[in-house]
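First comes the structure, then the notes that go with it.
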Amino acid sequence: MQRLQNQVALVTGASSGIGSGVAKSLAAEGAKVVVNYARSAKGAEAVVEEITAQDGDAIAIQADVSQEDQVLKMFEQMYDTYGTIDILVNNAGLQKDSPFTEMSLEDWNTVININLTGQFLCAREAAKEFIRRGVVPQKSCSAGKIICMSSVHEVIPWAGHCNYAASKGGIMLLMKSMAQELAPHKIRVNSIGPGAIKTPINQSAWDTPDAEASLLTLIPYNRVGETVDIGKAAVWLASDESEYVHGITLFVDGGMTLYPGFATGG
Ligand code: BGC
């Protein structure tokens with residue numbers, strides 16, 4: 001029995017990294033998946049092909065989630081193909097790192113606009129459809145599920161990445177405030193807080209033995225994460241198995257949020 005059968009999922013930023021892993025995991029559980037991408041049509045098509053080769057159902061739709069007109073158009077295209085939405089995975093995000101005093105306004109705005117405003121725009125559109133349509137008991141106990149891709153950096157400060165950490169801290173209270181407001185409509189809202197997951201965003205942190213050894217000092221479980229670790233968490237949060245889980249961040253981080261420096265210090 002597939003846990004997300006006949007449900008429509010939109011995964012933003014799904015042409016690579018965590019988003020592509022989540023798209024594949026949701027599809028393997030029977031969801032029809034919209035693979036959103038901003039620039040990499042090739043990457044998105046590869047994800048769609050991988051899903052359809054496994055007898056899944058997926059389409060790629062281009063949209064920069066920070067642009068309201070593009071988000072509205074993407075939702076229209078999704079409704080034209082699949083009719084509705086049941087699961088939103090607000091995943092699109094990026095880093096533009098620099099020392100604080102050298103951070104340009106442009107890099108600040110780009111990160112906030114995509115990582116935070118993009119989540120607001122997509123969640124708002126999804127919530128409208130969840131409220132309009134309501135619960136369809138044959139599919140799910142909930143009228144819809146929103147999963148925000150946050151980070152361990154919604155709680156761990158990160159020097160050299162102030163824009164990114166601010167965007168993730170913002171996602172935490174956006175998620176909780178949406179959860180409070182949307183619960184009466186039977187819409188579930190949660191976040192996933194990944195730790196260090198092997199993807200292009202943090203390649204320099206794990207792609208040499210020295211880098212990986214240094215990264216592992218921050219991970220008590222002593223393994224760098226894989227995108228499938230996040231995919232499994234997303235499937236669970238999207239499924240009725242987690243029906244009573246609402247307004248939380250599920251950290252999937254091998255213990256990165258446990259202050260590993262205190263294992264011997266303090
Ligand atoms: C960042 C990665 C980083 C990880 C753990 C993520 O949110 O995007 O670059 O490796 O947090 O610090």
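Residues are named by chain letter and number: chains run A, B, ... in the order of the structure tokens, numbers start at 1 in each chain, and ligands are numbered from 1 in the order shown.
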Practice task
Excluding stretch 185-200 of chain A and any residue of its chain fewer than 6 positions from it, enumerate the residues within 9 Å of it, using only C-alpha atoms, and give them as a VMD selection string.
Solution key: chain A and resid 16 to 18 127 130 to 131 134 to 135 141 to 154 171 to 172 175 to 176 178 to 179 206 to 207 215 219 224 to 227 229 to 230 233 to 234 237 to 238 243 to 257
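The two atoms in question, atom CA of A:Phe75 and atom CA of A:Glu125, are spaced 7.5 Å apart.
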With a distance cut-off of 9 Å and only C-alpha atoms, select the neighbouring residues of A:Ala263, excluding the residue or stretch itself and same-chain residues fewer than 4 positions from it, and output the selection as a short mmCIF file (atom, residue, chain, number, x, y, z; two decimals) with N, CA and C atoms, in the first residue's frame.
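Output contents, as saved in selection-v3.cif:
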data_model
loop_
_atom_site.label_atom_id
_atom_site.label_comp_id
_atom_site.auth_asym_id
_atom_site.auth_seq_id
_atom_site.Cartn_x
_atom_site.Cartn_y
_atom_site.Cartn_z
N PRO A 220 27.23 14.10 15.86
CA PRO A 220 27.44 12.99 16.79
C PRO A 220 27.22 11.61 16.16
N LEU A 258 22.66 18.99 18.86
CA LEU A 258 22.90 18.59 20.26
C LEU A 258 24.12 19.28 20.87
N TYR A 259 24.62 20.35 20.27
CA TYR A 259 25.83 21.03 20.76
C TYR A 259 26.96 20.03 20.98
#
Handout entry: DSSP-assigned strand (DSSP E) members of stretch 53-263 of chain A, reported as an MDAnalysis selection string
Key = chainID A and resid 57:62 87:90 144:149 187:194 249:252
Problem - Within 12 Å of stretch 28-33 of chain A using only C-alpha atoms, minus same-chain residues under 6 positions, as number ranges by chain - result: A: 1-12, 14, 19-22, 44, 47-61, 78-79, 81-89, 139, 228, 231-232, 234-236, 238-239
Store the residues picked out above in a file with N, CA and C atoms, as a compact mmCIF listing (two decimals), in the first residue's frame.
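Result written to result.txt:
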# COMPACT_ATOMS: atom_id res chain seq x y z
N MET A 1 0.85 -1.20 0.00
CA MET A 1 0.00 0.00 0.00
C MET A 1 0.88 1.25 0.00
N GLN A 2 0.69 2.10 -1.02
CA GLN A 2 1.47 3.33 -1.07
C GLN A 2 0.81 4.39 -0.19
N ARG A 3 1.63 5.10 0.58
CA ARG A 3 1.09 6.00 1.61
C ARG A 3 0.55 7.31 1.08
N LEU A 4 0.90 7.67 -0.18
CA LEU A 4 0.46 8.98 -0.70
C LEU A 4 -0.31 8.81 -2.01
N GLN A 5 -0.97 7.68 -2.15
CA GLN A 5 -1.66 7.37 -3.40
C GLN A 5 -2.68 8.44 -3.78
N ASN A 6 -2.66 8.80 -5.07
CA ASN A 6 -3.61 9.78 -5.64
C ASN A 6 -3.47 11.19 -5.09
N GLN A 7 -2.41 11.48 -4.36
CA GLN A 7 -2.23 12.84 -3.85
C GLN A 7 -1.26 13.59 -4.77
N VAL A 8 -1.52 14.89 -4.89
CA VAL A 8 -0.68 15.74 -5.75
C VAL A 8 0.30 16.51 -4.86
N ALA A 9 1.58 16.41 -5.18
CA ALA A 9 2.61 17.09 -4.39
C ALA A 9 3.37 18.07 -5.26
N LEU A 10 3.55 19.27 -4.76
CA LEU A 10 4.44 20.24 -5.41
C LEU A 10 5.71 20.34 -4.57
N VAL A 11 6.85 20.09 -5.20
CA VAL A 11 8.14 20.23 -4.51
C VAL A 11 8.89 21.35 -5.21
N THR A 12 9.13 22.45 -4.49
CA THR A 12 9.86 23.55 -5.12
C THR A 12 11.36 23.27 -5.05
N ALA A 14 13.21 21.39 -7.05
CA ALA A 14 13.35 19.93 -7.06
C ALA A 14 14.26 19.42 -8.18
N GLY A 19 15.60 18.68 -2.75
CA GLY A 19 14.31 18.72 -3.45
C GLY A 19 14.14 17.54 -4.38
N SER A 20 15.18 17.18 -5.12
CA SER A 20 15.05 16.05 -6.05
C SER A 20 14.87 14.76 -5.28
N GLY A 21 15.57 14.62 -4.16
CA GLY A 21 15.43 13.42 -3.32
C GLY A 21 14.02 13.31 -2.77
N VAL A 22 13.47 14.45 -2.31
CA VAL A 22 12.12 14.44 -1.75
C VAL A 22 11.10 14.11 -2.84
N ALA A 44 15.57 19.16 -13.82
CA ALA A 44 14.17 18.83 -13.51
C ALA A 44 13.68 17.70 -14.41
N VAL A 47 14.85 14.37 -13.21
CA VAL A 47 14.08 13.88 -12.05
C VAL A 47 12.75 13.30 -12.54
N VAL A 48 12.08 14.02 -13.45
CA VAL A 48 10.80 13.54 -14.01
C VAL A 48 11.01 12.18 -14.70
N GLU A 49 12.09 12.08 -15.48
CA GLU A 49 12.34 10.81 -16.19
C GLU A 49 12.58 9.66 -15.22
N GLU A 50 13.34 9.96 -14.16
CA GLU A 50 13.61 8.91 -13.17
C GLU A 50 12.31 8.43 -12.53
N ILE A 51 11.42 9.38 -12.24
CA ILE A 51 10.14 9.02 -11.60
C ILE A 51 9.27 8.21 -12.57
N THR A 52 9.18 8.68 -13.82
CA THR A 52 8.28 7.98 -14.76
C THR A 52 8.85 6.59 -15.13
N ALA A 53 10.18 6.47 -15.12
CA ALA A 53 10.79 5.16 -15.39
C ALA A 53 10.41 4.13 -14.33
N GLN A 54 10.06 4.62 -13.12
CA GLN A 54 9.63 3.73 -12.03
C GLN A 54 8.10 3.65 -11.97
N ASP A 55 7.44 3.98 -13.10
CA ASP A 55 5.97 3.97 -13.17
C ASP A 55 5.30 5.04 -12.34
N GLY A 56 6.06 6.08 -11.99
CA GLY A 56 5.47 7.20 -11.26
C GLY A 56 4.94 8.25 -12.21
N ASP A 57 4.36 9.30 -11.64
CA ASP A 57 3.75 10.36 -12.43
C ASP A 57 4.36 11.69 -11.99
N ALA A 58 4.95 12.44 -12.92
CA ALA A 58 5.58 13.72 -12.56
C ALA A 58 5.64 14.64 -13.77
N ILE A 59 5.60 15.95 -13.49
CA ILE A 59 5.86 16.94 -14.55
C ILE A 59 6.79 18.01 -13.98
N ALA A 60 7.54 18.65 -14.87
CA ALA A 60 8.41 19.75 -14.44
C ALA A 60 7.72 21.08 -14.76
N ILE A 61 7.77 22.02 -13.83
CA ILE A 61 7.23 23.36 -14.08
C ILE A 61 8.24 24.40 -13.61
N MET A 78 -0.20 23.63 -12.65
CA MET A 78 -0.38 22.40 -11.86
C MET A 78 -1.85 21.99 -11.86
N TYR A 79 -2.77 22.95 -11.69
CA TYR A 79 -4.20 22.61 -11.66
C TYR A 79 -4.67 22.13 -13.03
N THR A 81 -2.99 20.34 -15.08
CA THR A 81 -2.56 18.95 -15.26
C THR A 81 -3.16 18.01 -14.23
N TYR A 82 -3.08 18.39 -12.96
CA TYR A 82 -3.46 17.46 -11.88
C TYR A 82 -4.72 17.86 -11.13
N GLY A 83 -5.26 19.05 -11.40
CA GLY A 83 -6.55 19.44 -10.82
C GLY A 83 -6.53 20.07 -9.44
N THR A 84 -5.56 19.73 -8.61
CA THR A 84 -5.54 20.23 -7.23
C THR A 84 -4.15 20.08 -6.65
N ILE A 85 -4.01 20.32 -5.35
CA ILE A 85 -2.76 20.06 -4.63
C ILE A 85 -3.11 19.50 -3.26
N ASP A 86 -2.34 18.51 -2.80
CA ASP A 86 -2.54 17.91 -1.47
C ASP A 86 -1.33 18.14 -0.56
N ILE A 87 -0.15 18.25 -1.17
CA ILE A 87 1.08 18.34 -0.39
C ILE A 87 1.97 19.41 -1.02
N LEU A 88 2.39 20.38 -0.21
CA LEU A 88 3.38 21.35 -0.68
C LEU A 88 4.67 21.12 0.09
N VAL A 89 5.77 20.92 -0.62
CA VAL A 89 7.08 20.90 0.04
C VAL A 89 7.82 22.16 -0.41
N LYS A 139 -8.42 10.20 0.34
CA LYS A 139 -7.00 10.48 0.11
C LYS A 139 -6.22 10.68 1.42
N VAL A 228 18.06 10.94 0.71
CA VAL A 228 16.99 9.97 1.02
C VAL A 228 16.59 10.06 2.50
N GLY A 231 14.06 12.60 2.34
CA GLY A 231 12.90 12.07 1.60
C GLY A 231 12.00 11.22 2.50
N LYS A 232 12.63 10.37 3.33
CA LYS A 232 11.84 9.51 4.22
C LYS A 232 11.06 10.34 5.24
N ALA A 234 10.07 13.43 4.83
CA ALA A 234 9.02 14.17 4.12
C ALA A 234 7.81 13.27 3.86
N VAL A 235 8.07 12.02 3.47
CA VAL A 235 6.96 11.07 3.24
C VAL A 235 6.15 10.91 4.52
N TRP A 236 6.84 10.74 5.63
CA TRP A 236 6.13 10.53 6.91
C TRP A 236 5.31 11.77 7.28
N ALA A 238 4.12 13.97 5.34
CA ALA A 238 3.04 14.19 4.36
C ALA A 238 1.93 13.15 4.52
N SER A 239 2.24 12.04 5.18
CA SER A 239 1.27 10.93 5.25
C SER A 239 0.41 11.03 6.51
Practice task
Could you check which of A:Pro99, A:Gly169, A:Gly93, A:Pro260 is closest to A:Val111, using only C-alpha atoms?
Solution key: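 For A:Val111, the nearest of the candidates is A:Gly93.
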Exercise for the section: DSSP on the backbone, then: every residue of stretch 124-243 of chain A marked alpha helix (DSSP H), written as a VMD selection string. Expected result: chain A and resid 124 to 133 162 to 182 209 to 216 227 to 238
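Candidate residues A:Thr217, A:Thr264, A:Gln62, A:Gln67 were compared for distance to ligand 1, and the nearest is A:Thr217, using only C-alpha atoms and all ligand atoms.
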